[in-house]
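Reading through the structure tokens given below for one structure.
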Amino acid sequence: MKKLFCISLAFIAFLSLQAQQIPFRYEELTAPDFVQAVEKSGKTCILPIGVFEKHGPHLPLGTDLFTAREFAIRAAEKEYTVVYPWYYFSQINEAKHQPGTIAYTPELIWKILQETLNELARNGFDKIIIVNGHGGNNAFLNFFGMAQLSERRSYSLYWFRPTDDPEVAKKVEELTQHDPYNAHAGNEESSVEKAITPDLVHLERAGQQSGVDQDRLKTLPYVYTGIWWYASYPNHYGGDGTKANAKAGELVINSTVDQLVKMIQAVKKDEVVPALQKQFFDESENPIKTKQ
């Protein structure tokens with residue numbers, strides 16, 4: 001009996017270990033493991049979004065892809081969540097003049113994102129977190145998020161938007177340099193990429209092109225125009241990445257990942273957004289009966 005009891009305990013421990021070892025990377029899951037992963041994740045999935053675009057003369061075209069997925073992977077290691085593969089169907093019309101840019105039509109990027117969310121929901125996820133590594137997506141994702149209210153959804157969509165930590169920024173600057181622009185492939189982004197993919201970063205080339213804001217719309221106050229980024233940074237390089245380093249990059253990554261972990265934990269527990277969505281969609285079906 002004692003031997004049988006010990007075997008049972010060992011078997012339970014084995015099953016527990018197996019459960020703990022379920023991969024969190026979507027592409028690494030088998031179909032049976034996927035079923036367990038959905039439950040283990042609290043039906044939560046991260047969609048890391050990037051793009052293929054120029055990042056100055058020194059960073060790889062896939063910088064935003066590397067960054068978004070690295071944040072997601074490091075967070076999932078601390079708080080189990082399924083992480084979707086690299087997703088690169090993004091808004092990047094402003095860089096079509098630069099080599100290597102893959103700029104899909106607005107209609108396609110909208111449709112494929114919506115269908116990806118629909119498919120994730122069909123496969124059991126009811127909470128989806130977007131981790132965006134590409135600044136050119138900001139306006140698109142804002143509008144896309146609002147457009148989720150156009151019809152009833154079976155999932156809730158959350159967009160991770162970390163805040164800058166002044167103390168981290170100060171330490172990064174002490175380790176590198178002050179970068180007055182630091183907008184794209186500049187000091188901070190170059191440091192982050194140096195930490196993630198050091199062999200793909202060529203800091204010796206960072207000074208070959210200018211990352212200074214050319215401010216070519218200064219004669220147009222109170223104006224927004226789609227050409228604004230090109231007007232400021234035609235080289236698709238904003239800032240100075242010449243003195244970036246991996247140690248500074250790790251500070252930024254760790255700060256961001258800590259915030260993402262807290263967000264994932266909050267999203268898993270969240271009952272407010274799903275409840276509000278249901279109430280909103282119920283009322284939208286018959287607005288005349290909505291309490292005034």
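Just so we're on the same page: first chain in the structure tokens is A, next is B, and so on; residues restart at 1 for each chain, and ligands are numbered from 1 in the order they show up.
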Within 10 Å of range 252-266 of chain A: each range 9-87 of chain A residue with its shortest pair, only C-alpha atoms, as CSV:
```
residue,atom,partner,partner_atom,distance
A:Ser41,CA,A:Ile264,CA,9.8
A:Gly42,CA,A:Gln265,CA,9.8
A:Thr44,CA,A:Ile264,CA,8.3
A:Cys45,CA,A:Ile264,CA,9.4
A:Ile46,CA,A:Ile264,CA,9.0
A:Thr67,CA,A:Ile253,CA,8.8
A:Glu70,CA,A:Ile253,CA,8.5
A:Phe71,CA,A:Val257,CA,5.7
A:Ala72,CA,A:Val257,CA,7.6
A:Ile73,CA,A:Val257,CA,9.1
A:Arg74,CA,A:Val257,CA,6.6
A:Ala75,CA,A:Val261,CA,5.3
A:Ala76,CA,A:Val261,CA,7.6
A:Glu77,CA,A:Val261,CA,9.3
A:Lys78,CA,A:Val261,CA,7.0
A:Glu79,CA,A:Val261,CA,6.2
A:Tyr80,CA,A:Ile264,CA,8.9
A:Thr81,CA,A:Ile264,CA,7.9
```
Any chance you could tabulate, as JSON lines, the residues of range 150-209 of chain A at most 12 Å from range 112-128 of chain A with each one's nearest atom pair and distance in Å to one decimal, using only C-alpha atoms, in chain and rising number order?
```
{"residue": "A:Glu151", "atom": "CA", "partner": "A:Gln114", "partner_atom": "CA", "distance": 11.9}
{"residue": "A:Arg152", "atom": "CA", "partner": "A:Asn118", "partner_atom": "CA", "distance": 11.6}
{"residue": "A:Arg153", "atom": "CA", "partner": "A:Asn118", "partner_atom": "CA", "distance": 8.5}
{"residue": "A:Ser154", "atom": "CA", "partner": "A:Asp126", "partner_atom": "CA", "distance": 6.6}
{"residue": "A:Tyr155", "atom": "CA", "partner": "A:Asp126", "partner_atom": "CA", "distance": 4.1}
{"residue": "A:Ser156", "atom": "CA", "partner": "A:Lys127", "partner_atom": "CA", "distance": 5.0}
{"residue": "A:Leu157", "atom": "CA", "partner": "A:Ile128", "partner_atom": "CA", "distance": 5.1}
{"residue": "A:Tyr158", "atom": "CA", "partner": "A:Ile128", "partner_atom": "CA", "distance": 6.1}
{"residue": "A:Trp159", "atom": "CA", "partner": "A:Ile128", "partner_atom": "CA", "distance": 8.4}
{"residue": "A:Phe160", "atom": "CA", "partner": "A:Ile128", "partner_atom": "CA", "distance": 10.3}
```
Residue neighbourhood Asn93 in chain A, 12 Å, only C-alpha atoms, exclusion window fewer than 5 positions, as a PyMOL selection string: chain A and resi 51-53+98+101-106+109+136-137+140+226-230+236
DSSP-assigned strand (DSSP E or B) members of range 40-271 of chain A, reported as a list in words: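 Answer for range 40-271 of chain A, restricted to strand (DSSP E or B): Thr44, Cys45, Ile46, Leu47, Pro48, Ile49, His55, Pro57, Leu59, Val82, Val83, Tyr87, Lys127, Ile128, Ile129, Ile130, Val131, Asn132, Ser156, Leu157, Tyr158, Trp159, Phe160, His184 and Gly238 of chain A.
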Generate the output file for the selected residues, C-alpha atoms, as a JSON list (two decimals), in the first residue's frame.
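Generated file (again.json):
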```json
[["chain", "number", "residue", "atom", "x", "y", "z"],
["A", 44, "THR", "CA", -5.55, 35.01, -22.44],
["A", 45, "CYS", "CA", -3.32, 35.52, -25.47],
["A", 46, "ILE", "CA", -0.74, 38.16, -26.36],
["A", 47, "LEU", "CA", -0.54, 39.40, -29.94],
["A", 48, "PRO", "CA", 2.87, 41.09, -30.41],
["A", 49, "ILE", "CA", 2.71, 43.49, -33.35],
["A", 55, "HIS", "CA", 15.44, 51.78, -38.46],
["A", 57, "PRO", "CA", 21.30, 52.91, -41.01],
["A", 59, "LEU", "CA", 19.24, 48.57, -36.85],
["A", 82, "VAL", "CA", 0.07, 32.22, -24.80],
["A", 83, "VAL", "CA", 2.22, 34.38, -27.10],
["A", 87, "TYR", "CA", 2.71, 39.70, -36.52],
["A", 127, "LYS", "CA", -9.01, 38.07, -23.59],
["A", 128, "ILE", "CA", -6.48, 39.27, -26.15],
["A", 129, "ILE", "CA", -3.65, 41.67, -25.34],
["A", 130, "ILE", "CA", -1.93, 43.65, -28.09],
["A", 131, "VAL", "CA", 1.72, 44.46, -27.44],
["A", 132, "ASN", "CA", 2.68, 46.98, -30.10],
["A", 156, "SER", "CA", -12.28, 41.58, -24.96],
["A", 157, "LEU", "CA", -9.35, 43.42, -26.54],
["A", 158, "TYR", "CA", -6.71, 45.15, -24.42],
["A", 159, "TRP", "CA", -3.81, 47.27, -25.67],
["A", 160, "PHE", "CA", -0.67, 47.41, -23.53],
["A", 184, "HIS", "CA", 13.03, 56.22, -33.95],
["A", 238, "GLY", "CA", 14.97, 60.07, -35.38]]
```
Point-to-point distance in Å for CA of Lys54 in chain A and CA of Pro234 in chain A: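 We find that CA of Pro234 in chain A and CA of Lys54 in chain A lie 11.0 Å from each other.
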Option closest in space to Ser284 in chain A, from A:Ser150, A:Thr197, A:Val212, A:His202 [counting only C-alpha atoms]: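 With only C-alpha atoms as the atom set, the closest residue is A:Ser150.
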Near-Gln177 in chain A list (10 Å; only C-alpha atoms; drop same-chain fewer than 3 positions) as a list in words: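 Those residues are Lys170, Lys171, Val172, Glu173, Glu174, Pro180, Asn187, Glu188, Asp240, Gly241, Thr242, Lys243 and Ala244 of chain A.
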Distance criterion (only C-alpha atoms): nearest to Pro198 in chain A out of A:Gln21, A:Asn245, A:Thr219, A:Asn142: A:Asn245
d(CA of Gln148 in chain A, CA of Thr63 in chain A) in Å: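 These two atoms are separated by 28.2 Å.
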Å distance separating CA of Ala231 in chain A from CA of Gly56 in chain A, one decimal place: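 Value for the CA of Ala231 in chain A-CA of Gly56 in chain A distance: 15.7 Å.
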Close residues, Thr290 in chain A itself excluded, 12 Å, only C-alpha atoms, min 6 positions apart in chain, as number ranges by chain: A: 279-284
Those residues you just picked out, can you put them in a file as an mmCIF file, in the first residue's frame with N, CA and C atoms?
```
data_model
loop_
_atom_site.group_PDB
_atom_site.id
_atom_site.type_symbol
_atom_site.label_atom_id
_atom_site.label_comp_id
_atom_site.auth_asym_id
_atom_site.auth_seq_id
_atom_site.Cartn_x
_atom_site.Cartn_y
_atom_site.Cartn_z
ATOM 1 N N GLN A 279 -23.205 44.666 -21.537
ATOM 2 C CA GLN A 279 -24.251 45.661 -21.279
ATOM 3 C C GLN A 279 -24.389 46.612 -22.465
ATOM 4 N N PHE A 280 -23.255 47.047 -22.985
ATOM 5 C CA PHE A 280 -23.266 47.980 -24.116
ATOM 6 C C PHE A 280 -23.932 47.359 -25.343
ATOM 7 N N PHE A 281 -23.549 46.132 -25.677
ATOM 8 C CA PHE A 281 -24.116 45.492 -26.859
ATOM 9 C C PHE A 281 -25.600 45.189 -26.664
ATOM 10 N N ASP A 282 -25.987 44.800 -25.452
ATOM 11 C CA ASP A 282 -27.407 44.557 -25.169
ATOM 12 C C ASP A 282 -28.213 45.831 -25.376
ATOM 13 N N GLU A 283 -27.702 46.942 -24.843
ATOM 14 C CA GLU A 283 -28.411 48.215 -24.979
ATOM 15 C C GLU A 283 -28.408 48.711 -26.417
ATOM 16 N N SER A 284 -27.323 48.424 -27.142
ATOM 17 C CA SER A 284 -27.219 48.891 -28.525
ATOM 18 C C SER A 284 -28.252 48.242 -29.434
#
```
Backbone-only DSSP, helix (DSSP H, G or I) members of range 89-181 of chain A, as a ChimeraX atom specification: /A:93-95,106-122,135-150,166-175
Please produce a file of those selected residues containing N, CA and C atoms, as a CSV table (one decimal), in the first residue's frame.
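And here is the file that came out, part23.csv:
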```csv
chain,number,residue,atom,x,y,z
A,93,ASN,N,2.8,53.3,-44.1
A,93,ASN,CA,2.9,54.0,-45.3
A,93,ASN,C,3.9,55.1,-45.3
A,94,GLU,N,4.2,55.6,-44.1
A,94,GLU,CA,5.2,56.8,-44.0
A,94,GLU,C,6.6,56.4,-44.4
A,95,ALA,N,6.9,55.1,-44.5
A,95,ALA,CA,8.2,54.6,-44.8
A,95,ALA,C,8.3,53.9,-46.2
A,106,PRO,N,-4.4,49.7,-46.3
A,106,PRO,CA,-5.1,49.9,-45.1
A,106,PRO,C,-6.3,48.9,-44.9
A,107,GLU,N,-6.9,48.5,-46.0
A,107,GLU,CA,-8.0,47.6,-46.0
A,107,GLU,C,-7.5,46.2,-45.5
A,108,LEU,N,-6.3,45.8,-46.0
A,108,LEU,CA,-5.8,44.5,-45.7
A,108,LEU,C,-5.4,44.4,-44.2
A,109,ILE,N,-4.7,45.5,-43.7
A,109,ILE,CA,-4.2,45.4,-42.3
A,109,ILE,C,-5.4,45.4,-41.3
A,110,TRP,N,-6.5,46.1,-41.7
A,110,TRP,CA,-7.7,46.1,-40.9
A,110,TRP,C,-8.3,44.7,-40.9
A,111,LYS,N,-8.5,44.1,-42.1
A,111,LYS,CA,-9.2,42.9,-42.2
A,111,LYS,C,-8.4,41.7,-41.6
A,112,ILE,N,-7.1,41.7,-41.8
A,112,ILE,CA,-6.3,40.5,-41.3
A,112,ILE,C,-6.2,40.6,-39.7
A,113,LEU,N,-6.2,41.8,-39.2
A,113,LEU,CA,-6.1,41.9,-37.7
A,113,LEU,C,-7.5,41.5,-37.1
A,114,GLN,N,-8.6,41.9,-37.7
A,114,GLN,CA,-9.9,41.5,-37.2
A,114,GLN,C,-10.1,40.0,-37.4
A,115,GLU,N,-9.6,39.4,-38.5
A,115,GLU,CA,-9.8,38.0,-38.6
A,115,GLU,C,-8.9,37.2,-37.7
A,116,THR,N,-7.7,37.7,-37.4
A,116,THR,CA,-6.8,37.0,-36.5
A,116,THR,C,-7.5,37.0,-35.1
A,117,LEU,N,-8.0,38.1,-34.7
A,117,LEU,CA,-8.7,38.2,-33.4
A,117,LEU,C,-9.9,37.2,-33.4
A,118,ASN,N,-10.7,37.2,-34.5
A,118,ASN,CA,-11.8,36.3,-34.6
A,118,ASN,C,-11.4,34.8,-34.4
A,119,GLU,N,-10.2,34.5,-35.1
A,119,GLU,CA,-9.8,33.1,-35.0
A,119,GLU,C,-9.2,32.7,-33.6
A,120,LEU,N,-8.6,33.7,-33.0
A,120,LEU,CA,-8.1,33.4,-31.6
A,120,LEU,C,-9.3,33.2,-30.7
A,121,ALA,N,-10.3,34.0,-30.9
A,121,ALA,CA,-11.5,33.8,-30.1
A,121,ALA,C,-12.2,32.5,-30.4
A,122,ARG,N,-12.2,32.1,-31.6
A,122,ARG,CA,-12.8,30.8,-32.0
A,122,ARG,C,-12.1,29.7,-31.4
A,135,GLY,N,5.5,52.5,-33.5
A,135,GLY,CA,4.8,53.7,-33.2
A,135,GLY,C,3.9,54.1,-34.3
A,136,GLY,N,4.1,53.7,-35.6
A,136,GLY,CA,3.3,54.0,-36.7
A,136,GLY,C,1.9,53.4,-36.6
A,137,ASN,N,1.7,52.5,-35.6
A,137,ASN,CA,0.4,51.8,-35.4
A,137,ASN,C,-0.5,52.6,-34.5
A,138,ASN,N,0.0,53.6,-33.8
A,138,ASN,CA,-0.8,54.1,-32.7
A,138,ASN,C,-2.1,54.6,-33.1
A,139,ALA,N,-2.2,55.5,-34.1
A,139,ALA,CA,-3.5,56.0,-34.5
A,139,ALA,C,-4.4,54.9,-35.0
A,140,PHE,N,-3.8,53.9,-35.8
A,140,PHE,CA,-4.6,52.8,-36.3
A,140,PHE,C,-5.2,52.0,-35.2
A,141,LEU,N,-4.4,51.7,-34.2
A,141,LEU,CA,-4.9,50.8,-33.1
A,141,LEU,C,-5.9,51.5,-32.2
A,142,ASN,N,-5.8,52.8,-32.1
A,142,ASN,CA,-6.8,53.6,-31.4
A,142,ASN,C,-8.2,53.4,-32.1
A,143,PHE,N,-8.1,53.7,-33.4
A,143,PHE,CA,-9.4,53.6,-34.1
A,143,PHE,C,-9.9,52.2,-34.2
A,144,PHE,N,-9.0,51.2,-34.4
A,144,PHE,CA,-9.4,49.8,-34.4
A,144,PHE,C,-10.0,49.4,-33.1
A,145,GLY,N,-9.5,49.9,-32.0
A,145,GLY,CA,-10.0,49.5,-30.7
A,145,GLY,C,-11.5,50.1,-30.6
A,146,MET,N,-11.7,51.3,-31.0
A,146,MET,CA,-13.0,51.9,-30.9
A,146,MET,C,-14.0,51.2,-31.8
A,147,ALA,N,-13.5,50.7,-33.0
A,147,ALA,CA,-14.3,50.0,-33.9
A,147,ALA,C,-14.8,48.7,-33.5
A,148,GLN,N,-14.1,48.1,-32.4
A,148,GLN,CA,-14.6,46.9,-31.9
A,148,GLN,C,-16.0,47.0,-31.3
A,149,LEU,N,-16.5,48.2,-31.1
A,149,LEU,CA,-17.8,48.4,-30.6
A,149,LEU,C,-18.9,48.4,-31.7
A,150,SER,N,-18.4,48.2,-32.9
A,150,SER,CA,-19.4,48.2,-34.1
A,150,SER,C,-20.3,47.0,-34.1
A,166,PRO,N,10.8,57.8,-15.2
A,166,PRO,CA,11.9,58.9,-15.2
A,166,PRO,C,13.2,58.4,-14.6
A,167,GLU,N,13.2,57.5,-13.6
A,167,GLU,CA,14.4,57.0,-13.0
A,167,GLU,C,15.1,56.1,-14.0
A,168,VAL,N,14.4,55.3,-14.7
A,168,VAL,CA,15.0,54.4,-15.7
A,168,VAL,C,15.6,55.3,-16.8
A,169,ALA,N,14.8,56.3,-17.3
A,169,ALA,CA,15.3,57.2,-18.4
A,169,ALA,C,16.6,57.9,-18.0
A,170,LYS,N,16.7,58.3,-16.7
A,170,LYS,CA,17.9,58.9,-16.2
A,170,LYS,C,19.1,58.0,-16.2
A,171,LYS,N,18.9,56.8,-15.8
A,171,LYS,CA,20.0,55.8,-15.7
A,171,LYS,C,20.4,55.4,-17.2
A,172,VAL,N,19.4,55.3,-18.1
A,172,VAL,CA,19.8,55.0,-19.5
A,172,VAL,C,20.6,56.1,-20.0
A,173,GLU,N,20.3,57.4,-19.8
A,173,GLU,CA,21.0,58.5,-20.3
A,173,GLU,C,22.4,58.5,-19.7
A,174,GLU,N,22.5,58.2,-18.4
A,174,GLU,CA,23.9,58.1,-17.8
A,174,GLU,C,24.8,57.1,-18.4
A,175,LEU,N,24.2,56.0,-18.8
A,175,LEU,CA,24.9,54.9,-19.4
A,175,LEU,C,25.2,55.1,-20.9
```
